[in-house]
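Engineer: Can you read through this structure? Questions will come right after.
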Protein chains: 2
Amino acid sequence: MDGRRWKVWGWGCEGDGLEPAEAQRLLQFYDERFGLADRPGSAAPKVEDVTLRAARIAPPAPLAEICSIAPYRRLLHTYGKSFPDAVRAFAQDFKDAPDVVAAPRSEAEVVAILDWATDTGAAVIPFGGGSSVCGGVDPVVGDGFAGTISLDLKGLDQVLEVDRASRAARIQGGILGPALEAALKPHGLTLRHFPQSFEFSTLGGWIATRSGGHFATLYTHIDDFVEGLRVVTPAGVLESRRLPGSGAGPSPDRLIIGSEGALGVITEAWMRLQDRPRFRAAAAVAFDDLMTGAGAVRAVAQAGLYPSNLRLVDAAECAANGVNDGSFALLVLAFESADHPVDAWQARALELVQDHGGRALADAGAAEAWRTAFIRMPYQREVLVPRDLIVDTFETAITWDRFEAFHDRVTSAVEQAILDATGAAGLVTCRFTHVYPDGPAPYFSFHAAGRAGALLEQWRHIKDRASDAVIEGGGTITHHHAVGRDHMPWYQRQRPALFGAALAAAKRALDPAGILNPGVLIAGPD
Amino acid sequence: MDGRRWKVWGWGCEGDGLEPAEAQRLLQFYDERFGLADRPGSAAPKVEDVTLRAARIAPPAPLAEICSIAPYRRLLHTYGKSFPDAVRAFAQDFKDAPDVVAAPRSEAEVVAILDWATDTGAAVIPFGGGSSVCGGVDPVVGDGFAGTISLDLKGLDQVLEVDRASRAARIQGGILGPALEAALKPHGLTLRHFPQSFEFSTLGGWIATRSGGHFATLYTHIDDFVEGLRVVTPAGVLESRRLPGSGAGPSPDRLIIGSEGALGVITEAWMRLQDRPRFRAAAAVAFDDLMTGAGAVRAVAQAGLYPSNLRLVDAAECAANGVNDGSFALLVLAFESADHPVDAWQARALELVQDHGGRALADAGAAEAWRTAFIRMPYQREVLVPRDLIVDTFETAITWDRFEAFHDRVTSAVEQAILDATGAAGLVTCRFTHVYPDGPAPYFSFHAAGRAGALLEQWRHIKDRASDAVIEGGGTITHHHAVGRDHMPWYQRQRPALFGAALAAAKRALDPAGILNPGVLIAGPD
């Protein structure tokens, strides 16, 4: 980190954002669709302008050094990076700010914070990079607590041990993506887990949310890279044995992976790593439309080739991101290897996509344009929200047999919801972020012209209908964005009720007072 | 099934077993080491000679049709196929025989059986093929139950639905391997999960025990093939959504996978399938010793090539199985694909193993010999146990950095334990069944000359020391044989205590009366 402050209202550090040319292209896109003449935009909130409730709890003296009630810290920990988070931040609504931000530098200090929280009846919200887009870090915990503590884990930021032979490392949970990769690089190793949030999210956060990463196939989620975990719970420390594989009962790690801070705080993980790739092949392939491309993607996904990239973007989404003029759907296809040239792999994959209606583009410029757009996307929100544009995404997974009907159902539902909520037509686009032999992970974006003062309500209507369509169509409420607070009602519809009961029982064993991220994954007593 | 009865004392059907030449080679191997002159062998037990305790419980009239107290059925359900199971069976010790064997033909009948068991205070032991080698199906449940019901699920044997587009099928849990593959074949599909027990084990059993299968790399366990599950618990039915991938909370399936009948009865699963392979390459490679071979295997496992076979067998185990004369360790290396020739893959893997001291053998005969020996192995026990030979296996997984020291520690411990238990030297051999980028799954065999009447005690001493060495050396108590009753003490040492508490809490939610496979995975109240 270069010491610059992270924004409390948007992505990245203060001073960073879209370049003027990027912002201009983006605004032109929306101006053509919705007209922006009467939407000049509003200024970002200033820390000093926000009124904060007085902190309701105060740390005991021994913890004072690692606890802060400074307004900037509290504001930074009030929200993740979701659309409603940004709307509320721009409205200077920080009423749910945590009372205290605790920043432990060691596992012992994590334990001490949990002990204090238990004693004082406060809720603890584990906080890595705070890049949640589903309300996973918002301290909205109901009235049953004396206060809220946002537990910032970024002080646990070390790679503690590297095992070159097994290609694994023991790493603290609070390390940010760039620091993690920098520490592994001298060993010739890499985790190669690059979610869109990579710069501003942590290893522990990736594990807690089953984050999706770099690899479009095979190693899609962080799950498979976890070799062992160390987790602080209010009931004590849970440490699983580091093993390349095991069949001894249900996997302990798989209970923690995806537990979203509700079962414990991930302080360390043994992670499976990769050698740094030396061989690469990449291609950009055009399709007439998404469904034609989907057929090709299915063929590649079922061929046992395991490309690192197999991302399909529909024509409208290409246009929205300035990747092309909207005349074709784009497939980015790539292989990489640390061991061998990947020509045979790439050749066969290209054969398959061409057999399924794909046209290999002469240069891979479109693929590079997509990659750049992808990385810059999170900065768009701070340009769009002040102009009352409702632009958000949601993502899921569905088997191939149901994909086309599912896509139509979800798209129609969201289009209708936009019309209902805003009175005007919007835009719904789709891409695949990850692909499995048995189905894709479709990622939808929606774009609508909202109304000042009604943004949250309009967004909520659209989001609710989208979530209904996803669940009723047979999908998952999230493939890699986690459940958080925003997805809970649909997660509860999706989840087998008895699994919910088992999970709640497990929580009572690990977190008897229910202080960890209350309301996430496990509802209160009901 | 051809209507022949399964043996109550050994592997397979009555009338099947080793061919005379196979038995002769096997006995000659042991005769050379231990001398078999005074070990003529004893006859297999006859059903009619066994005295059985009277059944302590009787099914209610509506269930009488699917329940049996016939001696043959009760004997068949008394044991799995472990070494101590065989010793007790040959000794006509069936004192723990289940009171009733229930054979439901539908999920509704499974529910009815569980209801009856709850009402009557009986324990229920789910039973697929009964091929457990760790006491997973033995009705040894302590004194807290009115009786024991072995729940034979082989009546649930249908493939219910095939989704060709997603390459998946909905399949009942009680189907045996051959029937499953036969039903998929007309669709051009295959599960390709071939544990050694394939002929005599069921899909539900594979899932409940995290069975290891055909693929030596990548898709090692059944785990990754599970797309969704339907499970009958005493608290109701738990059905997970079929999804190609999800990030919505901890995976419900992963709580059930490996639950060994202690949380519920797997009645259906949506399984991910493969196209039937059309392209293959196979090679046999010789190494001076296991450790040299291990280096080569590590290189291949870390190269991202994903061979279907990568099985390394040490020289002594080759000799014990008549695969070679014991002068070299053997690596069986193979690739397969339904989509493309695998020459590039095989060429690179061969390059790697040759760079690491491997010598490709001119013909793959040794590989074929190993495969045949592997399939026939379970029949050896009925030849060896009657001669009081203690021959058993155990398996584990360990990271590469620790493998050599671990191998030495385990081998020494078992050699010493054999000497202590029998007064004479035995033989300990090792192979890899599955391999990961971060470590192998070593599978050990031990061979000792036991003493009539002391076999169980001698075996127990050796097994205990082996399990101690595995756990103290950092391994897992099982990679794919499950925990059962035999591995419980070591599983409890391996498992994080708080995960044990969470699992016990989950069991209380799903099986409040604790009637399902008591003593397996979750100890009684303590």
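Here's how to read the names in the structure tokens: chain A, B, ... by the order shown, residue numbers from 1 in each chain, ligand numbers from 1 in the order shown.
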Identify every residue of chain A that has at least one atom within 6 Å of any atom of chain B, counting only C-alpha atoms, and report the result as a PyMOL selection string.
Structural biologist: chain A and resi 165-166+210+238-240+243-244+246-250+255+257-259+303+339+398-401+438-439+478-480+482-483+496+498+502+505-506+509
Engineer: Could you find all residues in segment 113-194 of chain A that DSSP calls alpha helix (DSSP H) from the backbone, and write them as a ChimeraX atom specification?
Structural biologist: /A:113-120,177-184
Engineer: Of the residues B:Trp116, B:Phe446, B:Phe287, B:Phe225, which is the one nearest to Ile462 of chain B, using only C-alpha atoms?
Structural biologist: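 Ranked by minimum distance to Ile462 of chain B, first place goes to B:Phe446.
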Engineer: Between B:Arg493, B:Arg280, B:Arg409, B:Arg170, which has the minimum distance to Leu229 of chain B (counting only C-alpha atoms)?
Structural biologist: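 Nearest to Leu229 of chain B: B:Arg170.
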Engineer: Would you mind listing what lies within 9 Å of Gly519 of chain A as a list in words, with only C-alpha atoms counted and same-chain residues fewer than 5 positions away left out?
Structural biologist: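 Contacts, in chain order: Val140, Val141, Gly142, Ala262, Gly484, Arg485, Met488 and Gly524 of chain A.
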Engineer: What is the distance between atom CA of Thr433 of chain B and atom CA of Arg311 of chain B, in Å to one decimal?
Structural biologist: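 About the pair atom CA of Thr433 of chain B and atom CA of Arg311 of chain B: they are 5.7 Å apart.
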Engineer: Tell me, in Å to one decimal, how far atom CA of Ala58 of chain A is from atom CA of Leu153 of chain A.
Structural biologist: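 Taking atom CA of Ala58 of chain A and atom CA of Leu153 of chain A, their separation equals 19.2 Å.
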Engineer: Which residues are close to Leu419 of chain B, i.e. within 9 Å by only C-alpha atoms, leaving aside same-chain residues fewer than 6 positions away? Reply as number ranges by chain.
Structural biologist: B: 425-426, 448
Engineer: Using N, CA and C atoms, can you export the residues from the last selection as a tab-separated table (two decimals), in the first residue's frame?
Structural biologist:
```tsv
chain	number	residue	atom	x	y	z
B	425	ALA	N	9.71	-61.52	11.22
B	425	ALA	CA	9.66	-60.38	10.29
B	425	ALA	C	8.53	-60.58	9.29
B	426	GLY	N	7.93	-59.49	8.90
B	426	GLY	CA	6.92	-59.51	7.86
B	426	GLY	C	7.38	-58.71	6.66
B	448	ALA	N	2.13	-60.80	7.17
B	448	ALA	CA	2.75	-61.41	8.35
B	448	ALA	C	2.18	-62.81	8.55
```
Engineer: Between B:Phe127, B:Trp370, B:Tyr379, B:Phe34, which one has atoms that come closest to Ala102 of chain B, using only C-alpha atoms?
Structural biologist: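 Distance minimum relative to Ala102 of chain B lands on B:Phe127.
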Engineer: In Å, with one decimal, what is the gap from atom CA of Leu330 of chain A to atom CA of Ala284 of chain A?
Structural biologist: 6.8 Å
Engineer: Write out as a list in words each polymer residue whose atoms come within 8 Å of segment 49-55 of chain B, counting only C-alpha atoms; drop sequence neighbours fewer than 3 positions from it.
Structural biologist: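 Non-adjacent residues within range: Pro45, Lys46, Ala58, Ile69, Pro71, Gln92, Asp93, Phe94, Lys95, Ala97, Pro98, Asp99, Val100 and Gly147 of chain B.
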Engineer: Could you take the residues named above and write them with N, CA, C and O atoms, as a compact mmCIF listing (two decimals), in the first residue's frame?
Structural biologist:
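The new file part-v1.txt reads:
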```txt
# COMPACT_ATOMS: atom_id res chain seq x y z
N PRO B 45 -17.05 -71.07 6.40
CA PRO B 45 -18.21 -71.37 7.26
C PRO B 45 -19.45 -71.66 6.41
O PRO B 45 -19.59 -71.13 5.31
N LYS B 46 -20.28 -72.48 6.94
CA LYS B 46 -21.57 -72.75 6.28
C LYS B 46 -22.67 -72.03 7.05
O LYS B 46 -22.67 -72.03 8.28
N ALA B 58 -39.07 -57.04 15.88
CA ALA B 58 -39.84 -57.58 14.75
C ALA B 58 -40.52 -56.42 14.04
O ALA B 58 -41.06 -55.52 14.70
N ILE B 69 -35.51 -61.94 8.55
CA ILE B 69 -34.66 -62.41 9.64
C ILE B 69 -34.05 -63.76 9.26
O ILE B 69 -33.55 -64.49 10.12
N PRO B 71 -31.48 -66.46 8.33
CA PRO B 71 -30.07 -66.52 8.75
C PRO B 71 -29.10 -66.04 7.67
O PRO B 71 -28.19 -65.26 7.96
N GLN B 92 -16.82 -68.41 12.53
CA GLN B 92 -18.27 -68.55 12.76
C GLN B 92 -18.77 -67.66 13.88
O GLN B 92 -19.76 -67.96 14.54
N ASP B 93 -18.07 -66.54 14.08
CA ASP B 93 -18.49 -65.57 15.09
C ASP B 93 -19.34 -64.50 14.44
O ASP B 93 -18.83 -63.56 13.85
N PHE B 94 -20.64 -64.67 14.53
CA PHE B 94 -21.57 -63.69 13.98
C PHE B 94 -22.45 -63.12 15.09
O PHE B 94 -23.63 -62.86 14.89
N LYS B 95 -21.84 -62.94 16.26
CA LYS B 95 -22.67 -62.56 17.42
C LYS B 95 -23.31 -61.17 17.26
O LYS B 95 -24.32 -60.89 17.88
N ALA B 97 -24.67 -60.02 14.55
CA ALA B 97 -25.56 -60.00 13.38
C ALA B 97 -26.74 -59.06 13.62
O ALA B 97 -27.26 -58.97 14.73
N PRO B 98 -27.16 -58.35 12.58
CA PRO B 98 -28.32 -57.48 12.75
C PRO B 98 -29.55 -58.32 13.05
O PRO B 98 -29.66 -59.47 12.61
N ASP B 99 -30.47 -57.74 13.76
CA ASP B 99 -31.70 -58.46 14.08
C ASP B 99 -32.56 -58.61 12.84
O ASP B 99 -33.19 -59.65 12.64
N VAL B 100 -32.57 -57.57 12.06
CA VAL B 100 -33.44 -57.56 10.88
C VAL B 100 -32.67 -56.96 9.71
O VAL B 100 -31.91 -56.00 9.89
N GLY B 147 -32.33 -52.97 19.22
CA GLY B 147 -31.93 -53.94 18.21
C GLY B 147 -31.26 -53.21 17.07
O GLY B 147 -31.09 -51.99 17.12
```
Engineer: Find the residues near Pro386 of chain A: any atom within 9 Å, counting only C-alpha atoms, skip ones fewer than 4 places away on the same chain, and give them as a ChimeraX atom specification.
Structural biologist: /A:39-44,87,90,381-382,452
Engineer: Hey, can you spit out that residue selection with N, CA, C and O atoms as a compact mmCIF listing (two decimals), in the first residue's frame?
Structural biologist:
```txt
# COMPACT_ATOMS: atom_id res chain seq x y z
N ARG A 39 -28.88 15.03 -15.76
CA ARG A 39 -28.23 14.26 -14.70
C ARG A 39 -26.76 14.68 -14.59
O ARG A 39 -25.88 13.95 -15.02
N PRO A 40 -26.52 15.81 -14.00
CA PRO A 40 -25.15 16.32 -13.98
C PRO A 40 -24.23 15.56 -13.02
O PRO A 40 -23.01 15.65 -13.12
N GLY A 41 -24.80 14.83 -12.10
CA GLY A 41 -23.96 14.12 -11.13
C GLY A 41 -23.78 14.94 -9.87
O GLY A 41 -23.89 16.16 -9.87
N SER A 42 -23.57 14.22 -8.78
CA SER A 42 -23.38 14.89 -7.49
C SER A 42 -21.98 14.57 -6.98
O SER A 42 -21.34 13.64 -7.44
N ALA A 43 -21.56 15.37 -6.02
CA ALA A 43 -20.19 15.18 -5.50
C ALA A 43 -20.14 14.01 -4.54
O ALA A 43 -21.15 13.65 -3.91
N ALA A 44 -18.97 13.43 -4.44
CA ALA A 44 -18.77 12.34 -3.49
C ALA A 44 -18.85 12.90 -2.07
O ALA A 44 -18.54 14.07 -1.84
N VAL A 87 -25.18 3.90 -3.13
CA VAL A 87 -26.28 4.87 -3.07
C VAL A 87 -26.34 5.49 -1.67
O VAL A 87 -26.43 6.71 -1.51
N PHE A 90 -23.31 7.78 -1.03
CA PHE A 90 -23.43 9.09 -1.69
C PHE A 90 -24.49 9.97 -1.01
O PHE A 90 -24.41 11.18 -1.04
N ARG A 381 -19.00 2.66 -10.96
CA ARG A 381 -20.14 2.94 -10.08
C ARG A 381 -20.16 4.39 -9.59
O ARG A 381 -21.22 5.00 -9.50
N GLU A 382 -18.98 4.92 -9.24
CA GLU A 382 -18.96 6.27 -8.67
C GLU A 382 -19.27 7.34 -9.72
O GLU A 382 -19.52 8.50 -9.37
N ALA A 452 -33.80 10.13 -8.84
CA ALA A 452 -33.17 10.61 -7.61
C ALA A 452 -34.14 10.43 -6.44
O ALA A 452 -35.33 10.70 -6.57
```
